[in-house]
Structure formats: structure tokens, C-alpha cells
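S.K.: I have a structure I would like to understand better, so I am pasting it below and will then ask my questions one at a time.
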Amino acid sequence: SVRLGALQARDADMSDAFPNASLKRRFAAILYDFFLIFALWAITLVVLQAALGSAATVDGQLPDTPPLATVWVQLTCYIETYLFYLYFWRIKGQTLGMQVWKIRTVNEAGQLLSIHQATTRFLVATIAMAPFGLGLFWALIDKDRRAAQDIWSRSYVVYLGDKPYASERR
């Protein structure tokens, strides 16, 4: 379990230590966030399509390489995903999916991730998750239930308990 030092001052009613989050909660948060990210990508693609114009030629046929099937569009979506995670991990320690599943990403001191840690976490997760999420399954082997991205970024994903938010305790 991890102590939430600086975050504890903000959430004074939380207990002092939190257990590491289960793989089930982590997967559920990832799935939830995927739908949000997919919506962001859809908006981005609509904007890019409007800016680049129609991919159809005069005869109505699609060209061999439509403008939206380029490395630049993929890179744009990748950077957009990175900024999504960077923002949430740095500001609250939680993405929207993590909030729903009551988990938070913290460093070894129980504080919000630094930009370096968040970037390392994202880049390692990109590589570790590519082969069918194998990097996440490392949490099944690790004694602290840490995935590859947790280990490399020196961070933890902790479970905050049944009612961690003030609105739930009323």
C-alpha cells in the first residue's frame, strides 16, 4: 500500500494508506477512458477532414492514399492521447475512468506524478500494452501488483476505497 502524502491534505478524510488497485479495476478504467479518447479522435478526424477536404476524387472513387490514412494523422491522435493522460495524471492523478473506478496514479511518495514520470509512464505503457496488454499483466506476477509502466515510472495505481469522494459520504 502507498501513503498519499500531499494528496492527503487535499482529501483530508481519506485514510492514510491505500492498497494497490486490482487488475479488474485497472482494465475497467482503461476501457472507460478508451471510449473518451475514441470520441476525441473522432472529433479530431472530423476537423482534419474538414480542413483537408474530401478524400473522394472527381469520379467519386477514393484515391489509393486518402489524406486521413497518413502517419501524421496517427501521430496527431497519439499526441492527443498523451496530452489527455498527461493532463489528468498531473492535475488529479486520475483520468475520468479512474475516477469512476476509484483508483488514482501516484508516485512512490504518494504525490501526483511529475511530467517526467507521466511521460515515462505513457511511453512505457504504449510499448507494454501493444502486445495484447502484456505489460499490464505483469501486475499478476509482481508482489506489489505493479504493471510495467508502474515500475518504469516509479508509480503506483492505488484503490481509494468504497467512498473516497466527499459527495459519496453525505
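Naming works like this for the C-alpha cells: A, B, ... for the chains as they're shown, residue 1 at the start of each chain, ligands 1 onward in shown order.
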Please list as a PyMOL selection string every residue within 7 Å of stretch 70-82 of chain A, counting only C-alpha atoms and excluding residues in the same chain fewer than 6 positions away.

M.R.: chain A and resi 37+41+122

S.K.: Write out as an mmCIF file with N, CA and C atoms, in the first residue's frame which residues come within 9 Å of stretch 112-121 of chain A when counting only C-alpha atoms, dropping same-chain ones fewer than 4 positions away.

M.R.:
```cif
data_model
loop_
_atom_site.group_PDB
_atom_site.id
_atom_site.type_symbol
_atom_site.label_atom_id
_atom_site.label_comp_id
_atom_site.auth_asym_id
_atom_site.auth_seq_id
_atom_site.Cartn_x
_atom_site.Cartn_y
_atom_site.Cartn_z
ATOM 1 N N ALA A 6 1.008 14.412 -0.097
ATOM 2 C CA ALA A 6 0.492 15.727 -0.483
ATOM 3 C C ALA A 6 -0.991 15.667 -0.833
ATOM 4 N N LEU A 7 -1.423 14.552 -1.402
ATOM 5 C CA LEU A 7 -2.834 14.441 -1.775
ATOM 6 C C LEU A 7 -3.715 14.329 -0.544
ATOM 7 N N TYR A 82 -1.597 11.235 -25.488
ATOM 8 C CA TYR A 82 -0.570 11.564 -24.489
ATOM 9 C C TYR A 82 -0.984 12.786 -23.668
ATOM 10 N N TYR A 85 -3.715 11.936 -21.066
ATOM 11 C CA TYR A 85 -3.191 11.293 -19.856
ATOM 12 C C TYR A 85 -2.311 12.234 -19.048
ATOM 13 N N LEU A 86 -1.473 12.984 -19.706
ATOM 14 C CA LEU A 86 -0.606 13.929 -19.002
ATOM 15 C C LEU A 86 -1.442 14.903 -18.176
ATOM 16 N N TRP A 89 -3.240 12.880 -15.185
ATOM 17 C CA TRP A 89 -2.311 12.362 -14.179
ATOM 18 C C TRP A 89 -1.631 13.482 -13.406
ATOM 19 N N ARG A 90 -1.389 14.611 -14.038
ATOM 20 C CA ARG A 90 -0.709 15.729 -13.382
ATOM 21 C C ARG A 90 -1.652 16.574 -12.531
ATOM 22 N N ILE A 91 -2.904 16.731 -12.929
ATOM 23 C CA ILE A 91 -3.845 17.612 -12.234
ATOM 24 C C ILE A 91 -4.548 16.902 -11.070
ATOM 25 N N LYS A 92 -5.057 15.694 -11.314
ATOM 26 C CA LYS A 92 -5.830 14.991 -10.282
ATOM 27 C C LYS A 92 -5.257 13.636 -9.908
ATOM 28 N N GLY A 93 -4.333 13.148 -10.724
ATOM 29 C CA GLY A 93 -3.833 11.804 -10.503
ATOM 30 C C GLY A 93 -4.788 10.750 -11.047
ATOM 31 N N THR A 105 -3.387 7.335 -9.751
ATOM 32 C CA THR A 105 -1.972 7.110 -10.027
ATOM 33 C C THR A 105 -1.166 8.083 -9.194
ATOM 34 N N VAL A 106 -0.218 7.554 -8.424
ATOM 35 C CA VAL A 106 0.636 8.377 -7.567
ATOM 36 C C VAL A 106 2.077 7.909 -7.691
ATOM 37 N N ASN A 107 3.009 8.774 -7.297
ATOM 38 C CA ASN A 107 4.405 8.357 -7.284
ATOM 39 C C ASN A 107 4.697 7.617 -5.985
ATOM 40 N N ALA A 125 3.869 2.430 -21.272
ATOM 41 C CA ALA A 125 2.554 1.795 -21.443
ATOM 42 C C ALA A 125 2.259 1.557 -22.920
ATOM 43 N N THR A 126 2.661 2.484 -23.768
ATOM 44 C CA THR A 126 2.449 2.325 -25.204
ATOM 45 C C THR A 126 3.121 1.050 -25.700
ATOM 46 N N ALA A 148 4.215 -2.950 -15.863
ATOM 47 C CA ALA A 148 5.495 -2.485 -16.399
ATOM 48 C C ALA A 148 5.603 -0.964 -16.339
ATOM 49 N N GLN A 149 4.531 -0.267 -16.713
ATOM 50 C CA GLN A 149 4.573 1.198 -16.712
ATOM 51 C C GLN A 149 4.680 1.767 -15.300
ATOM 52 N N ASP A 150 4.153 1.055 -14.319
ATOM 53 C CA ASP A 150 4.273 1.484 -12.921
ATOM 54 C C ASP A 150 5.736 1.389 -12.476
ATOM 55 N N ILE A 151 6.347 0.275 -12.789
ATOM 56 C CA ILE A 151 7.727 0.031 -12.369
ATOM 57 C C ILE A 151 8.669 1.040 -13.006
ATOM 58 N N TRP A 152 8.570 1.218 -14.314
ATOM 59 C CA TRP A 152 9.485 2.119 -15.028
ATOM 60 C C TRP A 152 9.295 3.577 -14.627
ATOM 61 N N SER A 153 8.068 3.990 -14.322
ATOM 62 C CA SER A 153 7.822 5.396 -13.949
ATOM 63 C C SER A 153 7.864 5.599 -12.439
ATOM 64 N N ARG A 154 8.155 4.533 -11.708
ATOM 65 C CA ARG A 154 8.184 4.580 -10.239
ATOM 66 C C ARG A 154 6.883 5.158 -9.690
ATOM 67 N N SER A 155 5.789 4.537 -10.097
ATOM 68 C CA SER A 155 4.466 4.993 -9.673
ATOM 69 C C SER A 155 3.616 3.792 -9.271
#
```

S.K.: Skip stretch 140-147 of chain A itself and residues of its chain fewer than 2 positions away, then list as a CSV table (one decimal) with all heavy atoms, in the first residue's frame all residues within 10 Å of it, counting only C-alpha atoms.

M.R.:
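Just written: part-v7.csv:
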```csv
chain,number,residue,atom,x,y,z
A,1,SER,N,0.8,-1.2,0.0
A,1,SER,CA,0.0,0.0,0.0
A,1,SER,C,0.9,1.2,0.0
A,1,SER,O,2.0,1.2,0.3
A,1,SER,CB,-1.0,0.0,1.2
A,1,SER,OG,-0.2,0.0,2.4
A,19,PRO,N,-4.4,0.4,-0.7
A,19,PRO,CA,-3.9,-0.7,-1.4
A,19,PRO,C,-3.7,-0.5,-2.9
A,19,PRO,O,-4.4,0.4,-3.4
A,19,PRO,CB,-5.0,-1.8,-1.1
A,19,PRO,CG,-6.2,-1.0,-1.0
A,19,PRO,CD,-5.8,0.3,-0.3
A,20,ASN,N,-2.9,-1.3,-3.5
A,20,ASN,CA,-2.7,-1.2,-5.0
A,20,ASN,C,-4.0,-1.7,-5.6
A,20,ASN,O,-4.7,-2.6,-5.2
A,20,ASN,CB,-1.5,-2.0,-5.4
A,20,ASN,CG,-0.2,-1.4,-4.9
A,20,ASN,OD1,-0.1,-0.2,-4.7
A,20,ASN,ND2,0.8,-2.2,-4.7
A,21,ALA,N,-4.4,-1.0,-6.7
A,21,ALA,CA,-5.6,-1.3,-7.4
A,21,ALA,C,-5.5,-2.7,-8.1
A,21,ALA,O,-4.5,-3.1,-8.6
A,21,ALA,CB,-5.9,-0.3,-8.5
A,22,SER,N,-6.7,-3.4,-8.2
A,22,SER,CA,-6.7,-4.7,-8.8
A,22,SER,C,-6.7,-4.5,-10.3
A,22,SER,O,-6.9,-3.4,-10.9
A,22,SER,CB,-8.1,-5.4,-8.4
A,22,SER,OG,-9.2,-4.7,-9.0
A,23,LEU,N,-6.3,-5.6,-11.0
A,23,LEU,CA,-6.2,-5.6,-12.4
A,23,LEU,C,-7.6,-5.4,-13.0
A,23,LEU,O,-7.7,-4.7,-14.1
A,23,LEU,CB,-5.7,-7.0,-12.9
A,23,LEU,CG,-5.0,-7.0,-14.2
A,23,LEU,CD1,-3.9,-6.0,-14.4
A,23,LEU,CD2,-4.5,-8.4,-14.5
A,125,ALA,N,3.9,2.4,-21.3
A,125,ALA,CA,2.6,1.8,-21.4
A,125,ALA,C,2.3,1.6,-22.9
A,125,ALA,O,1.7,0.5,-23.3
A,125,ALA,CB,1.5,2.6,-20.8
A,128,ALA,N,4.4,-1.5,-23.7
A,128,ALA,CA,4.0,-2.6,-22.9
A,128,ALA,C,2.6,-3.1,-23.2
A,128,ALA,O,2.3,-4.3,-23.1
A,128,ALA,CB,4.1,-2.3,-21.4
A,129,MET,N,1.7,-2.2,-23.6
A,129,MET,CA,0.3,-2.6,-23.8
A,129,MET,C,0.1,-3.1,-25.3
A,129,MET,O,-0.9,-3.8,-25.6
A,129,MET,CB,-0.6,-1.4,-23.6
A,129,MET,CG,-0.6,-1.0,-22.1
A,129,MET,SD,-1.3,-2.2,-21.0
A,129,MET,CE,-3.1,-2.0,-21.4
A,133,GLY,N,-1.7,-6.2,-24.2
A,133,GLY,CA,-1.8,-5.8,-22.8
A,133,GLY,C,-0.8,-6.5,-21.9
A,133,GLY,O,-1.0,-6.5,-20.7
A,134,LEU,N,0.2,-7.2,-22.4
A,134,LEU,CA,1.1,-8.0,-21.6
A,134,LEU,C,1.8,-7.2,-20.5
A,134,LEU,O,2.0,-7.7,-19.4
A,134,LEU,CB,2.1,-8.7,-22.5
A,134,LEU,CG,1.5,-9.8,-23.4
A,134,LEU,CD1,2.7,-10.4,-24.2
A,134,LEU,CD2,0.9,-10.9,-22.5
A,135,GLY,N,2.1,-5.9,-20.8
A,135,GLY,CA,2.7,-5.1,-19.7
A,135,GLY,C,1.8,-4.9,-18.5
A,135,GLY,O,2.3,-4.8,-17.4
A,136,LEU,N,0.5,-4.9,-18.7
A,136,LEU,CA,-0.4,-4.8,-17.6
A,136,LEU,C,-0.5,-6.1,-16.8
A,136,LEU,O,-0.6,-6.1,-15.6
A,136,LEU,CB,-1.8,-4.3,-18.1
A,136,LEU,CG,-2.8,-3.9,-17.1
A,136,LEU,CD1,-2.3,-2.7,-16.3
A,136,LEU,CD2,-4.1,-3.5,-17.7
A,137,PHE,N,-0.4,-7.2,-17.5
A,137,PHE,CA,-0.5,-8.5,-16.9
A,137,PHE,C,0.7,-8.8,-16.0
A,137,PHE,O,0.7,-9.7,-15.1
A,137,PHE,CB,-0.6,-9.6,-17.9
A,137,PHE,CG,-2.0,-9.7,-18.5
A,137,PHE,CD1,-2.2,-9.4,-19.8
A,137,PHE,CD2,-3.1,-10.0,-17.7
A,137,PHE,CE1,-3.5,-9.4,-20.3
A,137,PHE,CE2,-4.4,-10.1,-18.2
A,137,PHE,CZ,-4.6,-9.8,-19.5
A,138,TRP,N,1.8,-8.0,-16.1
A,138,TRP,CA,2.9,-8.1,-15.2
A,138,TRP,C,2.5,-7.9,-13.7
A,138,TRP,O,3.1,-8.4,-12.8
A,138,TRP,CB,4.0,-7.1,-15.6
A,138,TRP,CG,5.3,-7.3,-14.7
A,138,TRP,CD1,5.7,-6.6,-13.6
A,138,TRP,CD2,6.2,-8.4,-14.9
A,138,TRP,NE1,6.8,-7.1,-13.1
A,138,TRP,CE2,7.2,-8.2,-13.9
A,138,TRP,CE3,6.4,-9.4,-15.8
A,138,TRP,CZ2,8.3,-9.1,-13.7
A,138,TRP,CZ3,7.5,-10.2,-15.7
A,138,TRP,CH2,8.4,-10.1,-14.6
A,149,GLN,N,4.5,-0.3,-16.7
A,149,GLN,CA,4.6,1.2,-16.7
A,149,GLN,C,4.7,1.8,-15.3
A,149,GLN,O,5.2,2.8,-15.1
A,149,GLN,CB,3.4,1.8,-17.5
A,149,GLN,CG,2.0,1.4,-17.0
A,149,GLN,CD,1.5,0.2,-17.7
A,149,GLN,OE1,2.2,-0.7,-18.2
A,149,GLN,NE2,0.2,0.1,-17.8
A,150,ASP,N,4.2,1.1,-14.3
A,150,ASP,CA,4.3,1.5,-12.9
A,150,ASP,C,5.7,1.4,-12.5
A,150,ASP,O,6.3,2.3,-11.8
A,150,ASP,CB,3.4,0.6,-12.0
A,150,ASP,CG,2.0,0.6,-12.4
A,150,ASP,OD1,1.5,1.6,-12.9
A,150,ASP,OD2,1.3,-0.4,-12.1
A,151,ILE,N,6.3,0.3,-12.8
A,151,ILE,CA,7.7,0.0,-12.4
A,151,ILE,C,8.7,1.0,-13.0
A,151,ILE,O,9.5,1.7,-12.3
A,151,ILE,CB,8.1,-1.4,-12.7
A,151,ILE,CG1,7.3,-2.4,-11.9
A,151,ILE,CG2,9.6,-1.6,-12.5
A,151,ILE,CD1,7.4,-3.8,-12.3
A,152,TRP,N,8.6,1.2,-14.3
A,152,TRP,CA,9.5,2.1,-15.0
A,152,TRP,C,9.3,3.6,-14.6
A,152,TRP,O,10.2,4.3,-14.6
A,152,TRP,CB,9.3,2.0,-16.5
A,152,TRP,CG,10.1,0.8,-17.0
A,152,TRP,CD1,9.6,-0.5,-17.0
A,152,TRP,CD2,11.4,0.8,-17.6
A,152,TRP,NE1,10.6,-1.3,-17.5
A,152,TRP,CE2,11.7,-0.6,-17.9
A,152,TRP,CE3,12.3,1.7,-17.9
A,152,TRP,CZ2,12.9,-1.0,-18.5
A,152,TRP,CZ3,13.5,1.4,-18.5
A,152,TRP,CH2,13.8,0.0,-18.8
A,154,ARG,N,8.2,4.5,-11.7
A,154,ARG,CA,8.2,4.6,-10.2
A,154,ARG,C,6.9,5.2,-9.7
A,154,ARG,O,6.9,6.1,-8.9
A,154,ARG,CB,9.4,5.3,-9.7
A,154,ARG,CG,10.7,4.5,-10.0
A,154,ARG,CD,11.9,5.2,-9.4
A,154,ARG,NE,12.4,6.2,-10.4
A,154,ARG,CZ,13.2,7.1,-10.1
A,154,ARG,NH1,13.7,7.2,-8.9
A,154,ARG,NH2,13.6,8.0,-11.0
A,155,SER,N,5.8,4.5,-10.1
A,155,SER,CA,4.5,5.0,-9.7
A,155,SER,C,3.6,3.8,-9.3
A,155,SER,O,4.0,2.6,-9.5
A,155,SER,CB,3.8,5.8,-10.8
A,155,SER,OG,3.6,5.0,-11.9
A,156,TYR,N,2.5,4.1,-8.7
A,156,TYR,CA,1.5,3.1,-8.3
A,156,TYR,C,0.1,3.5,-8.7
A,156,TYR,O,-0.2,4.7,-8.8
A,156,TYR,CB,1.5,3.0,-6.7
A,156,TYR,CG,2.7,2.4,-6.1
A,156,TYR,CD1,3.8,3.1,-5.8
A,156,TYR,CD2,2.7,1.0,-5.8
A,156,TYR,CE1,4.9,2.6,-5.2
A,156,TYR,CE2,3.9,0.4,-5.2
A,156,TYR,CZ,4.9,1.2,-4.9
A,156,TYR,OH,6.1,0.7,-4.4
A,157,VAL,N,-0.7,2.5,-8.9
A,157,VAL,CA,-2.1,2.8,-9.1
A,157,VAL,C,-2.8,2.2,-7.9
A,157,VAL,O,-2.7,1.0,-7.6
A,157,VAL,CB,-2.7,2.1,-10.4
A,157,VAL,CG1,-4.2,2.4,-10.5
A,157,VAL,CG2,-2.0,2.7,-11.6
A,158,VAL,N,-3.4,3.1,-7.1
A,158,VAL,CA,-4.0,2.7,-5.8
A,158,VAL,C,-5.5,2.8,-5.8
A,158,VAL,O,-6.1,3.6,-6.6
A,158,VAL,CB,-3.4,3.6,-4.7
A,158,VAL,CG1,-1.9,3.4,-4.5
A,158,VAL,CG2,-3.7,5.0,-4.8
```

S.K.: Residues at most 12 Å from A:Glu168, counting only C-alpha atoms, excluding those fewer than 3 positions away in the same chain, as a VMD selection string?

M.R.: chain A and resid 13 100 102 161 to 165

S.K.: Once you have the residues from the selection above, write them out as a compact mmCIF listing (two decimals), in the first residue's frame, restricted to all heavy atoms.

M.R.:
```txt
# COMPACT_ATOMS: atom_id res chain seq x y z
N ASP A 13 -10.21 13.54 4.54
CA ASP A 13 -10.99 12.47 5.13
C ASP A 13 -10.55 11.08 4.68
O ASP A 13 -11.03 10.09 5.18
CB ASP A 13 -12.48 12.65 4.79
CG ASP A 13 -13.06 13.88 5.45
OD1 ASP A 13 -12.65 14.21 6.57
OD2 ASP A 13 -13.89 14.52 4.80
N VAL A 100 -14.17 7.04 -11.87
CA VAL A 100 -15.34 6.17 -11.77
C VAL A 100 -14.99 4.88 -11.02
O VAL A 100 -15.77 4.41 -10.19
CB VAL A 100 -15.88 5.83 -13.19
CG1 VAL A 100 -16.91 4.72 -13.13
CG2 VAL A 100 -16.45 7.08 -13.85
N LYS A 102 -12.54 4.53 -8.90
CA LYS A 102 -11.96 4.88 -7.59
C LYS A 102 -10.51 4.45 -7.44
O LYS A 102 -10.11 3.88 -6.43
CB LYS A 102 -12.82 4.32 -6.47
CG LYS A 102 -14.24 4.86 -6.53
CD LYS A 102 -15.15 4.19 -5.55
CE LYS A 102 -16.56 4.73 -5.76
NZ LYS A 102 -17.55 4.06 -4.99
N GLY A 161 -10.76 3.15 -2.04
CA GLY A 161 -11.78 2.69 -1.11
C GLY A 161 -13.19 2.86 -1.67
O GLY A 161 -13.38 3.40 -2.76
N ASP A 162 -14.17 2.42 -0.90
CA ASP A 162 -15.56 2.43 -1.37
C ASP A 162 -16.15 3.82 -1.55
O ASP A 162 -16.90 4.07 -2.47
CB ASP A 162 -16.45 1.63 -0.42
CG ASP A 162 -16.16 0.14 -0.49
OD1 ASP A 162 -15.68 -0.31 -1.55
OD2 ASP A 162 -16.40 -0.55 0.50
N LYS A 163 -15.85 4.73 -0.64
CA LYS A 163 -16.43 6.07 -0.70
C LYS A 163 -15.35 7.13 -0.50
O LYS A 163 -15.33 7.83 0.52
CB LYS A 163 -17.52 6.22 0.36
CG LYS A 163 -18.70 5.30 0.11
CD LYS A 163 -19.80 5.54 1.10
CE LYS A 163 -20.96 4.61 0.77
NZ LYS A 163 -22.10 4.83 1.62
N PRO A 164 -14.48 7.31 -1.50
CA PRO A 164 -13.38 8.25 -1.33
C PRO A 164 -13.75 9.71 -1.56
O PRO A 164 -13.02 10.60 -1.15
CB PRO A 164 -12.37 7.79 -2.37
CG PRO A 164 -13.22 7.23 -3.46
CD PRO A 164 -14.38 6.58 -2.75
N TYR A 165 -14.87 9.96 -2.20
CA TYR A 165 -15.22 11.32 -2.57
C TYR A 165 -16.24 11.90 -1.58
O TYR A 165 -17.15 11.20 -1.15
CB TYR A 165 -15.76 11.37 -3.99
CG TYR A 165 -14.85 10.67 -4.98
CD1 TYR A 165 -15.26 9.54 -5.66
CD2 TYR A 165 -13.55 11.13 -5.19
CE1 TYR A 165 -14.43 8.87 -6.55
CE2 TYR A 165 -12.70 10.46 -6.07
CZ TYR A 165 -13.14 9.35 -6.74
OH TYR A 165 -12.29 8.70 -7.61
```

S.K.: Report, in Å with one decimal, the straight-line distance from atom CA of A:Trp101 to atom CA of A:Tyr159.

M.R.: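 For atom CA of A:Trp101 relative to atom CA of A:Tyr159, the distance reads 8.3 Å.
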
S.K.: In Å, with one decimal, what is the gap from atom CA of A:Gly110 to atom CA of A:Val124?

M.R.: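 About the pair atom CA of A:Gly110 and atom CA of A:Val124: they are 20.4 Å apart.
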
S.K.: Can you work out the spacing between atom CA of A:Ala166 and atom CA of A:Arg26 in Å, to one decimal?

M.R.: 22.3 Å
